[in-house]
Amino acid sequence: EADIYQTPRYLVIGTGKKITLECSQTMGHDKMYWYQQDPGMELHLIHYSYGVNSTEKGDLSSESTVSRIRTEHFPLTLESARPSHTSQYLCASSSPARNSYEQYFGPGTRLTVT
Amino acid sequence: AQKVTQAQTEISVVEKEDVTLDCVYETRDTTYYLFWYKQPPSGELVFLIRRNSFDEQNEISGRYSWNFQKSTSSFNFTITASQVVDSAVYFCALSEEMDSSYKLIFGSGTRLLVRP
């Protein structure tokens, strides 16, 4: 069973605020990912990391930034939240070293910017 | 380009009916992986199955079964004797080579509603 955690689960915040969405995993996975999922259901990769000190942008351009200082921790930050950032954010991790490639997902953070 | 198509946006069935969710993919990779995920109303994505491109055996797990056909680039998912708890959005995904690793390309999802 996957052990990947996201906090907060729900967040309502005003425009212009700085926010950080937390993601942690206890599986020792080297690769981690952030996806954005709009109400239309499609998932879009916005950031990923191969390991400590590695961060890359995904397919969908995002104003958010990420950091990977520790293997287990991959936070996402929005410096100035806007209503267009309203979405669900899903964090995932994987360990291709085990030749599996499936990604395990956290419960998600549903963000609303008013 | 890599692509996953789930043509069924929404399916509604009555409990105990069998239902098949379709997934068609396009890939340029010779080795690839296919996945199904379930997203219940609570929001998390739950991994269901992984298939690699060299293994075309169908798989059955309880009421779930998967039919992988390389000739038609399809990886369909059947739920037998559906239950209300099966109501969720189901995503099919395809691996794509990315630098020294893989990323997942997701389909747009199929929302399944099982009515009592």
# chains A, B, ... in the order shown; residues from 1 in each chain; ligands from 1
$ interface_residues --of "chain B" --to "chain A" --cutoff "9 Å" --atoms "only C-alpha atoms" --output "MDAnalysis selection string"
chainID B and resid 33 35 42:47 49:50 89 95 101:109
$ select_by_dssp --residues "chain B" --states "strand (DSSP E or B)" --output "PyMOL selection string"
chain B and resi 3-5+10-14+19-21+24-26+33-39+46-52+59-61+64-69+74-79+88-98+101-106+110-115
$ closest_residue --among "A:Glu79, A:Asp38, A:Asp59, A:Glu72" --to "A:Thr26" --atoms "only C-alpha atoms"
A:Glu72
$ closest_residue --among "B:Ile11, B:Ala81, B:Cys23, B:Leu94" --to "B:Trp66" --atoms "only C-alpha atoms"
B:Cys23
$ residues_around --residues "stretch 85-87 of chain A" --least-positions-apart "6" --cutoff "7 Å" --atoms "only C-alpha atoms" --output "count of residues only"
7
$ atom_distance --atom1 "atom CA of A:Asn53" --atom2 "atom CA of A:Ser67"
7.3 Å
$ atom_distance --atom1 "atom CA of A:Leu11" --atom2 "atom CA of A:Arg68"
22.5 Å
$ atom_distance --atom1 "atom CA of B:Gln83" --atom2 "atom CA of A:Tyr89"
28.5 Å
